[in-house]
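Asks: Quick one, work-v7.pdb (PDB, C-alpha atoms, pLDDT in the B column):
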```
ATOM      1  CA  MET A   1     -87.380-162.548 -54.290  1.00 61.00           C
ATOM      2  CA  LEU A   2     -84.225-161.880 -56.354  1.00 59.00           C
ATOM      3  CA  ARG A   3     -85.332-158.280 -56.808  1.00 64.00           C
ATOM      4  CA  LYS A   4     -85.560-157.773 -53.027  1.00 57.00           C
ATOM      5  CA  ILE A   5     -82.060-159.186 -52.566  1.00 62.00           C
ATOM      6  CA  VAL A   6     -80.647-156.882 -55.261  1.00 56.00           C
ATOM      7  CA  ILE A   7     -82.337-153.849 -53.681  1.00 63.00           C
ATOM      8  CA  LEU A   8     -81.028-154.841 -50.255  1.00 52.00           C
ATOM      9  CA  LEU A   9     -77.459-155.254 -51.581  1.00 54.00           C
ATOM     10  CA  PHE A  10     -77.611-151.929 -53.422  1.00 55.00           C
ATOM     11  CA  THR A  11     -78.836-150.171 -50.261  1.00 55.00           C
ATOM     12  CA  MET A  12     -76.047-151.708 -48.175  1.00 53.00           C
ATOM     13  CA  ILE A  13     -73.392-150.647 -50.694  1.00 56.00           C
ATOM     14  CA  LEU A  14     -74.791-147.120 -50.834  1.00 53.00           C
ATOM     15  CA  LEU A  15     -74.879-146.787 -47.044  1.00 51.00           C
ATOM     16  CA  THR A  16     -71.356-148.171 -46.717  1.00 51.00           C
ATOM     17  CA  ALA A  17     -69.991-145.724 -49.299  1.00 51.00           C
ATOM     18  CA  CYS A  18     -71.669-142.736 -47.664  1.00 53.00           C
ATOM     19  CA  SER A  19     -70.536-143.592 -44.146  1.00 54.00           C
ATOM     20  CA  ASN A  20     -66.804-143.168 -44.945  1.00 81.00           C
ATOM     21  CA  GLN A  21     -67.079-139.732 -46.529  1.00 87.00           C
ATOM     22  CA  GLU A  22     -64.973-136.865 -45.189  1.00 91.00           C
ATOM     23  CA  THR A  23     -65.775-133.224 -45.980  1.00 94.00           C
ATOM     24  CA  ILE A  24     -62.970-130.681 -45.715  1.00 95.00           C
ATOM     25  CA  LYS A  25     -63.435-126.966 -46.385  1.00 97.00           C
ATOM     26  CA  ALA A  26     -60.720-124.424 -47.084  1.00 97.00           C
ATOM     27  CA  THR A  27     -61.224-120.678 -47.383  1.00 98.00           C
ATOM     28  CA  GLY A  28     -59.129-117.696 -48.310  1.00 98.00           C
ATOM     29  CA  GLU A  29     -59.458-113.915 -48.285  1.00 98.00           C
ATOM     30  CA  GLY A  30     -57.830-111.333 -50.467  1.00 97.00           C
ATOM     31  CA  ASP A  31     -58.228-107.579 -50.683  1.00 97.00           C
ATOM     32  CA  LEU A  32     -61.220-107.751 -53.038  1.00 98.00           C
ATOM     33  CA  TRP A  33     -62.066-111.471 -53.244  1.00 98.00           C
ATOM     34  CA  ASN A  34     -63.078-114.323 -50.934  1.00 98.00           C
ATOM     35  CA  ALA A  35     -62.593-117.933 -52.019  1.00 98.00           C
ATOM     36  CA  HIS A  36     -63.621-121.390 -50.853  1.00 97.00           C
ATOM     37  CA  LEU A  37     -62.739-124.922 -51.883  1.00 96.00           C
ATOM     38  CA  ILE A  38     -64.458-128.062 -50.576  1.00 95.00           C
ATOM     39  CA  TYR A  39     -63.188-131.648 -50.768  1.00 93.00           C
ATOM     40  CA  GLU A  40     -65.635-134.496 -50.243  1.00 94.00           C
ATOM     41  CA  MET A  41     -63.687-137.736 -50.231  1.00 92.00           C
ATOM     42  CA  THR A  42     -64.023-141.426 -49.600  1.00 89.00           C
ATOM     43  CA  ASP A  43     -61.314-144.072 -49.719  1.00 86.00           C
ATOM     44  CA  THR A  44     -61.702-144.318 -53.489  1.00 88.00           C
ATOM     45  CA  TYR A  45     -63.101-141.023 -54.766  1.00 89.00           C
ATOM     46  CA  LEU A  46     -62.511-137.268 -54.455  1.00 89.00           C
ATOM     47  CA  HIS A  47     -65.239-134.758 -55.324  1.00 91.00           C
ATOM     48  CA  ASN A  48     -64.307-131.083 -55.221  1.00 91.00           C
ATOM     49  CA  ARG A  49     -66.152-127.811 -55.686  1.00 95.00           C
ATOM     50  CA  GLY A  50     -65.654-124.195 -54.852  1.00 96.00           C
ATOM     51  CA  GLY A  51     -65.886-120.619 -55.958  1.00 97.00           C
ATOM     52  CA  ILE A  52     -64.918-117.000 -55.527  1.00 98.00           C
ATOM     53  CA  GLU A  53     -66.832-113.890 -54.504  1.00 98.00           C
ATOM     54  CA  TYR A  54     -65.956-110.307 -55.377  1.00 98.00           C
ATOM     55  CA  THR A  55     -66.205-107.876 -52.446  1.00 97.00           C
ATOM     56  CA  GLY A  56     -65.309-104.708 -54.364  1.00 96.00           C
ATOM     57  CA  ASP A  57     -67.636-101.911 -55.452  1.00 95.00           C
ATOM     58  CA  GLU A  58     -67.040-101.831 -59.205  1.00 96.00           C
ATOM     59  CA  GLU A  59     -68.972-103.800 -61.799  1.00 96.00           C
ATOM     60  CA  LEU A  60     -67.088-106.852 -63.065  1.00 97.00           C
ATOM     61  CA  LEU A  61     -66.720-106.994 -66.842  1.00 97.00           C
ATOM     62  CA  TYR A  62     -64.484-110.046 -67.206  1.00 97.00           C
ATOM     63  CA  VAL A  63     -62.944-112.549 -64.773  1.00 98.00           C
ATOM     64  CA  THR A  64     -60.426-115.376 -65.160  1.00 98.00           C
ATOM     65  CA  TYR A  65     -59.254-117.710 -62.418  1.00 97.00           C
ATOM     66  CA  SER A  66     -56.697-120.449 -62.009  1.00 97.00           C
ATOM     67  CA  VAL A  67     -56.927-122.854 -59.067  1.00 95.00           C
ATOM     68  CA  VAL A  68     -53.849-124.939 -58.239  1.00 93.00           C
ATOM     69  CA  THR A  69     -53.857-127.880 -55.789  1.00 88.00           C
ATOM     70  CA  ASP A  70     -51.627-130.910 -55.285  1.00 85.00           C
ATOM     71  CA  GLU A  71     -54.262-132.934 -57.149  1.00 81.00           C
ATOM     72  CA  GLY A  72     -54.178-130.686 -60.219  1.00 81.00           C
ATOM     73  CA  GLY A  73     -55.636-127.429 -61.399  1.00 86.00           C
ATOM     74  CA  ARG A  74     -58.681-125.809 -62.857  1.00 90.00           C
ATOM     75  CA  THR A  75     -59.060-122.642 -64.893  1.00 94.00           C
ATOM     76  CA  GLY A  76     -62.035-120.686 -66.064  1.00 96.00           C
ATOM     77  CA  GLU A  77     -63.205-117.396 -67.454  1.00 96.00           C
ATOM     78  CA  ARG A  78     -66.491-115.542 -67.164  1.00 95.00           C
ATOM     79  CA  GLU A  79     -68.218-112.432 -68.367  1.00 95.00           C
ATOM     80  CA  PRO A  80     -70.383-111.870 -65.283  1.00 95.00           C
ATOM     81  CA  GLN A  81     -73.933-110.695 -65.681  1.00 94.00           C
ATOM     82  CA  GLU A  82     -74.842-107.288 -64.318  1.00 91.00           C
ATOM     83  CA  ASN A  83     -74.280-107.119 -60.535  1.00 92.00           C
ATOM     84  CA  GLN A  84     -72.968-110.726 -60.410  1.00 95.00           C
ATOM     85  CA  THR A  85     -70.262-111.045 -57.751  1.00 96.00           C
ATOM     86  CA  ALA A  86     -70.060-114.829 -57.139  1.00 97.00           C
ATOM     87  CA  ILE A  87     -68.421-117.263 -59.557  1.00 96.00           C
ATOM     88  CA  SER A  88     -68.422-121.046 -59.174  1.00 96.00           C
ATOM     89  CA  PHE A  89     -65.438-123.206 -60.118  1.00 94.00           C
ATOM     90  CA  GLY A  90     -67.911-125.949 -60.910  1.00 91.00           C
ATOM     91  CA  THR A  91     -67.360-129.474 -59.670  1.00 90.00           C
ATOM     92  CA  GLY A  92     -64.696-132.040 -60.327  1.00 87.00           C
ATOM     93  CA  GLY A  93     -63.643-135.412 -59.146  1.00 83.00           C
ATOM     94  CA  GLY A  94     -61.497-138.404 -59.641  1.00 82.00           C
ATOM     95  CA  ASN A  95     -60.663-141.884 -58.483  1.00 81.00           C
ATOM     96  CA  ASN A  96     -57.315-140.890 -56.965  1.00 77.00           C
ATOM     97  CA  PRO A  97     -58.045-139.078 -53.673  1.00 83.00           C
ATOM     98  CA  PRO A  98     -55.376-138.164 -51.139  1.00 84.00           C
ATOM     99  CA  ALA A  99     -54.530-141.253 -49.064  1.00 84.00           C
ATOM    100  CA  THR A 100     -55.609-139.710 -45.748  1.00 87.00           C
ATOM    101  CA  LYS A 101     -57.593-136.780 -44.401  1.00 91.00           C
ATOM    102  CA  ASP A 102     -54.328-135.218 -43.204  1.00 92.00           C
ATOM    103  CA  GLU A 103     -52.909-135.355 -46.737  1.00 91.00           C
ATOM    104  CA  ALA A 104     -56.078-133.718 -48.084  1.00 91.00           C
ATOM    105  CA  ILE A 105     -55.748-130.936 -45.496  1.00 94.00           C
ATOM    106  CA  LYS A 106     -52.090-130.471 -46.416  1.00 93.00           C
ATOM    107  CA  SER A 107     -53.034-130.239 -50.103  1.00 92.00           C
ATOM    108  CA  LEU A 108     -55.743-127.657 -49.432  1.00 94.00           C
ATOM    109  CA  ASN A 109     -53.368-125.628 -47.257  1.00 96.00           C
ATOM    110  CA  HIS A 110     -51.000-125.432 -50.264  1.00 95.00           C
ATOM    111  CA  ALA A 111     -53.773-124.558 -52.736  1.00 95.00           C
ATOM    112  CA  THR A 112     -54.029-121.144 -54.383  1.00 97.00           C
ATOM    113  CA  VAL A 113     -56.339-119.302 -56.743  1.00 97.00           C
ATOM    114  CA  GLU A 114     -55.096-116.545 -59.017  1.00 98.00           C
ATOM    115  CA  ILE A 115     -57.851-114.167 -60.074  1.00 98.00           C
ATOM    116  CA  LYS A 116     -57.603-111.599 -62.859  1.00 98.00           C
ATOM    117  CA  TRP A 117     -60.459-109.246 -63.595  1.00 98.00           C
ATOM    118  CA  ARG A 118     -61.434-106.190 -65.551  1.00 97.00           C
ATOM    119  CA  THR A 119     -63.725-103.337 -64.551  1.00 97.00           C
ATOM    120  CA  ASN A 120     -64.450 -99.964 -66.176  1.00 95.00           C
ATOM    121  CA  THR A 121     -61.406 -98.492 -64.411  1.00 97.00           C
ATOM    122  CA  GLY A 122     -58.777-101.095 -65.322  1.00 97.00           C
ATOM    123  CA  GLU A 123     -57.399-104.609 -65.044  1.00 98.00           C
ATOM    124  CA  TYR A 124     -56.412-106.170 -61.727  1.00 98.00           C
ATOM    125  CA  GLU A 125     -55.157-109.419 -60.244  1.00 98.00           C
ATOM    126  CA  GLU A 126     -55.015-111.077 -56.866  1.00 98.00           C
ATOM    127  CA  LEU A 127     -53.538-114.329 -55.511  1.00 98.00           C
ATOM    128  CA  ILE A 128     -55.338-116.035 -52.634  1.00 98.00           C
ATOM    129  CA  ASN A 129     -53.928-118.841 -50.491  1.00 98.00           C
ATOM    130  CA  PHE A 130     -56.405-121.350 -49.090  1.00 97.00           C
ATOM    131  CA  LYS A 131     -56.391-122.449 -45.459  1.00 97.00           C
ATOM    132  CA  VAL A 132     -58.396-125.233 -43.831  1.00 96.00           C
ATOM    133  CA  ASN A 133     -60.353-123.776 -40.898  1.00 84.00           C
TER
END
```
Kindly return the structure encoded in the file as structure tokens.

Replies:
Amino acid sequence: MLRKIVILLFTMILLTACSNQETIKATGEGDLWNAHLIYEMTDTYLHNRGGIEYTGDEELLYVTYSVVTDEGGRTGEREPQENQTAISFGTGGGNNPPATKDEAIKSLNHATVEIKWRTNTGEYEELINFKVN
């Protein structure tokens, strides 16, 4: 009997937590890169993920990126495999989400990603501003 009560309570907590989740997506376009950043947030937690995609014709040899938001930043570097054009930022999260959906949108609208890359013909860089659609 106690086991059934515990399962019932766990299910109610899980359903309550999922019902208050907001998903907000921001995108950005540069000359040779597209970017996206997604916030999934509840009242107490922020989960974020995103990535970039190269739209140029040359083979990528090395890529670094730096994402900056009001909640912090994330950097990374990759040596893409042959013909790889998409790079994930990975996922992150924390227990200090923006207070409201409007604040999260404002943060994403101020977010940027700086991308530096190398191909056989040289080294390049591009700055992309995110915008919530």

Asks: Between A:Gly56, A:Gly122, A:Gly28, A:Gly76, which residue has the minimum interatomic distance to Phe89 (chain A), considering all atoms listed in the file?

Replies: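 Ranked by minimum distance to Phe89 (chain A), first place goes to A:Gly76.
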
Asks: Can you spell out as a CSV table (one decimal) with C-alpha atoms, in the frame of the given file the set of residues that the PyMOL selection byres ((chain A and resi 40) around 10) selects in the structure I just provided?

Replies:
```csv
chain,number,residue,atom,x,y,z
A,21,GLN,CA,-67.1,-139.7,-46.5
A,22,GLU,CA,-65.0,-136.9,-45.2
A,23,THR,CA,-65.8,-133.2,-46.0
A,24,ILE,CA,-63.0,-130.7,-45.7
A,25,LYS,CA,-63.4,-127.0,-46.4
A,38,ILE,CA,-64.5,-128.1,-50.6
A,39,TYR,CA,-63.2,-131.6,-50.8
A,41,MET,CA,-63.7,-137.7,-50.2
A,42,THR,CA,-64.0,-141.4,-49.6
A,45,TYR,CA,-63.1,-141.0,-54.8
A,46,LEU,CA,-62.5,-137.3,-54.5
A,47,HIS,CA,-65.2,-134.8,-55.3
A,48,ASN,CA,-64.3,-131.1,-55.2
A,49,ARG,CA,-66.2,-127.8,-55.7
A,93,GLY,CA,-63.6,-135.4,-59.1
A,97,PRO,CA,-58.0,-139.1,-53.7
A,104,ALA,CA,-56.1,-133.7,-48.1
```

Asks: A:Asp43, A:Glu58, A:Pro80, A:Val68: which is nearest Phe130 (chain A), counting all atoms listed in the file?

Replies: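 Among A:Asp43, A:Glu58, A:Pro80, A:Val68, it is A:Val68 that comes nearest to Phe130 (chain A).
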
Asks: Could you list, as a list of chain:residue names, every residue matched by the PyMOL selection byres ((chain A and resi 33) around 8) in this structure?

Replies: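 What the PyMOL selection byres ((chain A and resi 33) around 8) grabs from the file is A:Glu29, A:Gly30, A:Asp31, A:Leu32, A:Asn34, A:Ala35, A:Ile52, A:Glu53, A:Tyr54, A:Thr55, A:Gly56, A:Glu126.
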
Asks: Env of Trp117 (chain A): 7 Å cut, atoms = only C-alpha atoms, seq-sep filter 3 positions within chain, self excluded. Answer as a PyMOL selection string.

Replies: chain A and resi 62-64+123-125

Asks: State, in Å with one decimal place, the distance from CA of Val67 (chain A) to CA of Glu114 (chain A).

Replies: 6.6 Å

Asks: Given the choices A:Thr69, A:Asp57, A:Asn133, A:Gly50, which gets closest to His110 (chain A) if the distance is worked out from only C-alpha atoms?

Replies: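 Under the stated criterion, the closest residue is A:Thr69.
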
Asks: In Å, with one decimal, what is the gap from CA of Lys116 (chain A) to CA of Glu59 (chain A)?

Replies: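 Interatomic distance, CA of Lys116 (chain A) to CA of Glu59 (chain A): 13.8 Å.
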
Asks: Going by the chain IDs and residue numbers used in this file, which residues fall under the PyMOL selection byres ((chain A and resi 82) around 10)? Write them as a ChimeraX atom specification.

Replies: /A:59-61,79-81,83-85

Asks: Measuring atom to atom with all atoms listed in the file, identify which of A:Ser66, A:Ala26, A:Gly51, A:Lys131 is nearest to Thr91 (chain A).

Replies: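 Distance minimum relative to Thr91 (chain A) lands on A:Gly51.
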
Asks: As JSON, please report the centre and edge lengths, rounded to one decimal in Å, of the axis-aligned box that holds all listed atoms of region 73-90 of chain A with 5 Å of padding on each of the six sides.

Replies:
```
{"center_x": -65.2, "center_y": -117.3, "center_z": -62.8, "size_x": 29.2, "size_y": 30.3, "size_z": 21.2}
```

Asks: Add whatever atoms are absent from region 24-60 of chain A to reach N, CA and C atoms, and provide the output as a PDB file, in the frame of the given file.

Replies:
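The new file selection-v1.pdb reads:
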```pdb
ATOM      1  N   ILE A  24     -63.987-131.612 -46.192  1.00 95.00           N
ATOM      2  CA  ILE A  24     -62.970-130.681 -45.715  1.00 95.00           C
ATOM      3  C   ILE A  24     -63.137-129.373 -46.479  1.00 95.00           C
ATOM      4  N   LYS A  25     -63.223-128.268 -45.760  1.00 97.00           N
ATOM      5  CA  LYS A  25     -63.435-126.966 -46.385  1.00 97.00           C
ATOM      6  C   LYS A  25     -62.246-126.054 -46.124  1.00 97.00           C
ATOM      7  N   ALA A  26     -61.788-125.422 -47.191  1.00 97.00           N
ATOM      8  CA  ALA A  26     -60.720-124.424 -47.084  1.00 97.00           C
ATOM      9  C   ALA A  26     -61.260-123.091 -47.592  1.00 97.00           C
ATOM     10  N   THR A  27     -60.813-122.012 -46.969  1.00 98.00           N
ATOM     11  CA  THR A  27     -61.224-120.678 -47.383  1.00 98.00           C
ATOM     12  C   THR A  27     -59.997-119.787 -47.511  1.00 98.00           C
ATOM     13  N   GLY A  28     -60.182-118.677 -48.182  1.00 98.00           N
ATOM     14  CA  GLY A  28     -59.129-117.696 -48.310  1.00 98.00           C
ATOM     15  C   GLY A  28     -59.724-116.325 -48.544  1.00 98.00           C
ATOM     16  N   GLU A  29     -59.008-115.296 -48.107  1.00 98.00           N
ATOM     17  CA  GLU A  29     -59.458-113.915 -48.285  1.00 98.00           C
ATOM     18  C   GLU A  29     -58.357-113.099 -48.919  1.00 98.00           C
ATOM     19  N   GLY A  30     -58.735-112.292 -49.877  1.00 97.00           N
ATOM     20  CA  GLY A  30     -57.830-111.333 -50.467  1.00 97.00           C
ATOM     21  C   GLY A  30     -58.344-109.937 -50.197  1.00 97.00           C
ATOM     22  N   ASP A  31     -57.774-108.958 -50.866  1.00 97.00           N
ATOM     23  CA  ASP A  31     -58.228-107.579 -50.683  1.00 97.00           C
ATOM     24  C   ASP A  31     -59.628-107.361 -51.234  1.00 97.00           C
ATOM     25  N   LEU A  32     -59.923-107.969 -52.395  1.00 98.00           N
ATOM     26  CA  LEU A  32     -61.220-107.751 -53.038  1.00 98.00           C
ATOM     27  C   LEU A  32     -61.963-109.040 -53.387  1.00 98.00           C
ATOM     28  N   TRP A  33     -61.437-110.184 -52.944  1.00 98.00           N
ATOM     29  CA  TRP A  33     -62.066-111.471 -53.244  1.00 98.00           C
ATOM     30  C   TRP A  33     -62.026-112.383 -52.021  1.00 98.00           C
ATOM     31  N   ASN A  34     -63.046-113.209 -51.874  1.00 98.00           N
ATOM     32  CA  ASN A  34     -63.078-114.323 -50.934  1.00 98.00           C
ATOM     33  C   ASN A  34     -63.177-115.598 -51.761  1.00 98.00           C
ATOM     34  N   ALA A  35     -62.589-116.680 -51.274  1.00 98.00           N
ATOM     35  CA  ALA A  35     -62.593-117.933 -52.019  1.00 98.00           C
ATOM     36  C   ALA A  35     -62.860-119.100 -51.074  1.00 98.00           C
ATOM     37  N   HIS A  36     -63.444-120.162 -51.625  1.00 97.00           N
ATOM     38  CA  HIS A  36     -63.621-121.390 -50.853  1.00 97.00           C
ATOM     39  C   HIS A  36     -63.435-122.594 -51.763  1.00 97.00           C
ATOM     40  N   LEU A  37     -62.974-123.675 -51.168  1.00 96.00           N
ATOM     41  CA  LEU A  37     -62.739-124.922 -51.883  1.00 96.00           C
ATOM     42  C   LEU A  37     -63.122-126.052 -50.929  1.00 96.00           C
ATOM     43  N   ILE A  38     -63.950-126.977 -51.410  1.00 95.00           N
ATOM     44  CA  ILE A  38     -64.458-128.062 -50.576  1.00 95.00           C
ATOM     45  C   ILE A  38     -64.080-129.399 -51.193  1.00 95.00           C
ATOM     46  N   TYR A  39     -63.477-130.268 -50.382  1.00 93.00           N
ATOM     47  CA  TYR A  39     -63.188-131.648 -50.768  1.00 93.00           C
ATOM     48  C   TYR A  39     -64.188-132.552 -50.059  1.00 93.00           C
ATOM     49  N   GLU A  40     -64.827-133.419 -50.806  1.00 94.00           N
ATOM     50  CA  GLU A  40     -65.635-134.496 -50.243  1.00 94.00           C
ATOM     51  C   GLU A  40     -64.989-135.770 -50.731  1.00 94.00           C
ATOM     52  N   MET A  41     -64.467-136.576 -49.808  1.00 92.00           N
ATOM     53  CA  MET A  41     -63.687-137.736 -50.231  1.00 92.00           C
ATOM     54  C   MET A  41     -64.068-138.995 -49.473  1.00 92.00           C
ATOM     55  N   THR A  42     -63.927-140.095 -50.195  1.00 89.00           N
ATOM     56  CA  THR A  42     -64.023-141.426 -49.600  1.00 89.00           C
ATOM     57  C   THR A  42     -62.661-142.079 -49.818  1.00 89.00           C
ATOM     58  N   ASP A  43     -62.571-143.354 -49.502  1.00 86.00           N
ATOM     59  CA  ASP A  43     -61.314-144.072 -49.719  1.00 86.00           C
ATOM     60  C   ASP A  43     -60.950-144.166 -51.199  1.00 86.00           C
ATOM     61  N   THR A  44     -61.958-144.075 -52.063  1.00 88.00           N
ATOM     62  CA  THR A  44     -61.702-144.318 -53.489  1.00 88.00           C
ATOM     63  C   THR A  44     -62.071-143.164 -54.405  1.00 88.00           C
ATOM     64  N   TYR A  45     -62.643-142.083 -53.877  1.00 89.00           N
ATOM     65  CA  TYR A  45     -63.101-141.023 -54.766  1.00 89.00           C
ATOM     66  C   TYR A  45     -62.950-139.661 -54.098  1.00 89.00           C
ATOM     67  N   LEU A  46     -62.604-138.659 -54.909  1.00 89.00           N
ATOM     68  CA  LEU A  46     -62.511-137.268 -54.455  1.00 89.00           C
ATOM     69  C   LEU A  46     -63.443-136.416 -55.307  1.00 89.00           C
ATOM     70  N   HIS A  47     -64.347-135.715 -54.665  1.00 91.00           N
ATOM     71  CA  HIS A  47     -65.239-134.758 -55.324  1.00 91.00           C
ATOM     72  C   HIS A  47     -64.857-133.386 -54.793  1.00 91.00           C
ATOM     73  N   ASN A  48     -64.660-132.423 -55.688  1.00 91.00           N
ATOM     74  CA  ASN A  48     -64.307-131.083 -55.221  1.00 91.00           C
ATOM     75  C   ASN A  48     -65.176-130.043 -55.891  1.00 91.00           C
ATOM     76  N   ARG A  49     -65.369-128.942 -55.180  1.00 95.00           N
ATOM     77  CA  ARG A  49     -66.152-127.811 -55.686  1.00 95.00           C
ATOM     78  C   ARG A  49     -65.696-126.562 -54.968  1.00 95.00           C
ATOM     79  N   GLY A  50     -66.049-125.434 -55.500  1.00 96.00           N
ATOM     80  CA  GLY A  50     -65.654-124.195 -54.852  1.00 96.00           C
ATOM     81  C   GLY A  50     -66.052-122.990 -55.674  1.00 96.00           C
ATOM     82  N   GLY A  51     -65.559-121.836 -55.246  1.00 97.00           N
ATOM     83  CA  GLY A  51     -65.886-120.619 -55.958  1.00 97.00           C
ATOM     84  C   GLY A  51     -65.222-119.400 -55.338  1.00 97.00           C
ATOM     85  N   ILE A  52     -65.459-118.279 -55.984  1.00 98.00           N
ATOM     86  CA  ILE A  52     -64.918-117.000 -55.527  1.00 98.00           C
ATOM     87  C   ILE A  52     -66.038-115.976 -55.464  1.00 98.00           C
ATOM     88  N   GLU A  53     -65.852-114.964 -54.614  1.00 98.00           N
ATOM     89  CA  GLU A  53     -66.832-113.890 -54.504  1.00 98.00           C
ATOM     90  C   GLU A  53     -66.111-112.545 -54.424  1.00 98.00           C
ATOM     91  N   TYR A  54     -66.520-111.652 -55.298  1.00 98.00           N
ATOM     92  CA  TYR A  54     -65.956-110.307 -55.377  1.00 98.00           C
ATOM     93  C   TYR A  54     -66.559-109.444 -54.285  1.00 98.00           C
ATOM     94  N   THR A  55     -65.720-108.735 -53.522  1.00 97.00           N
ATOM     95  CA  THR A  55     -66.205-107.876 -52.446  1.00 97.00           C
ATOM     96  C   THR A  55     -66.011-106.391 -52.762  1.00 97.00           C
ATOM     97  N   GLY A  56     -65.525-106.100 -53.966  1.00 96.00           N
ATOM     98  CA  GLY A  56     -65.309-104.708 -54.364  1.00 96.00           C
ATOM     99  C   GLY A  56     -66.598-104.019 -54.774  1.00 96.00           C
ATOM    100  N   ASP A  57     -66.476-102.731 -55.123  1.00 95.00           N
ATOM    101  CA  ASP A  57     -67.636-101.911 -55.452  1.00 95.00           C
ATOM    102  C   ASP A  57     -67.886-101.754 -56.949  1.00 95.00           C
ATOM    103  N   GLU A  58     -66.898-102.054 -57.768  1.00 96.00           N
ATOM    104  CA  GLU A  58     -67.040-101.831 -59.205  1.00 96.00           C
ATOM    105  C   GLU A  58     -67.744-103.010 -59.876  1.00 96.00           C
ATOM    106  N   GLU A  59     -68.325-102.738 -61.033  1.00 96.00           N
ATOM    107  CA  GLU A  59     -68.972-103.800 -61.799  1.00 96.00           C
ATOM    108  C   GLU A  59     -67.912-104.633 -62.522  1.00 96.00           C
ATOM    109  N   LEU A  60     -68.005-105.946 -62.379  1.00 97.00           N
ATOM    110  CA  LEU A  60     -67.088-106.852 -63.065  1.00 97.00           C
ATOM    111  C   LEU A  60     -67.473-106.982 -64.527  1.00 97.00           C
TER     112      LEU A  60
END
```
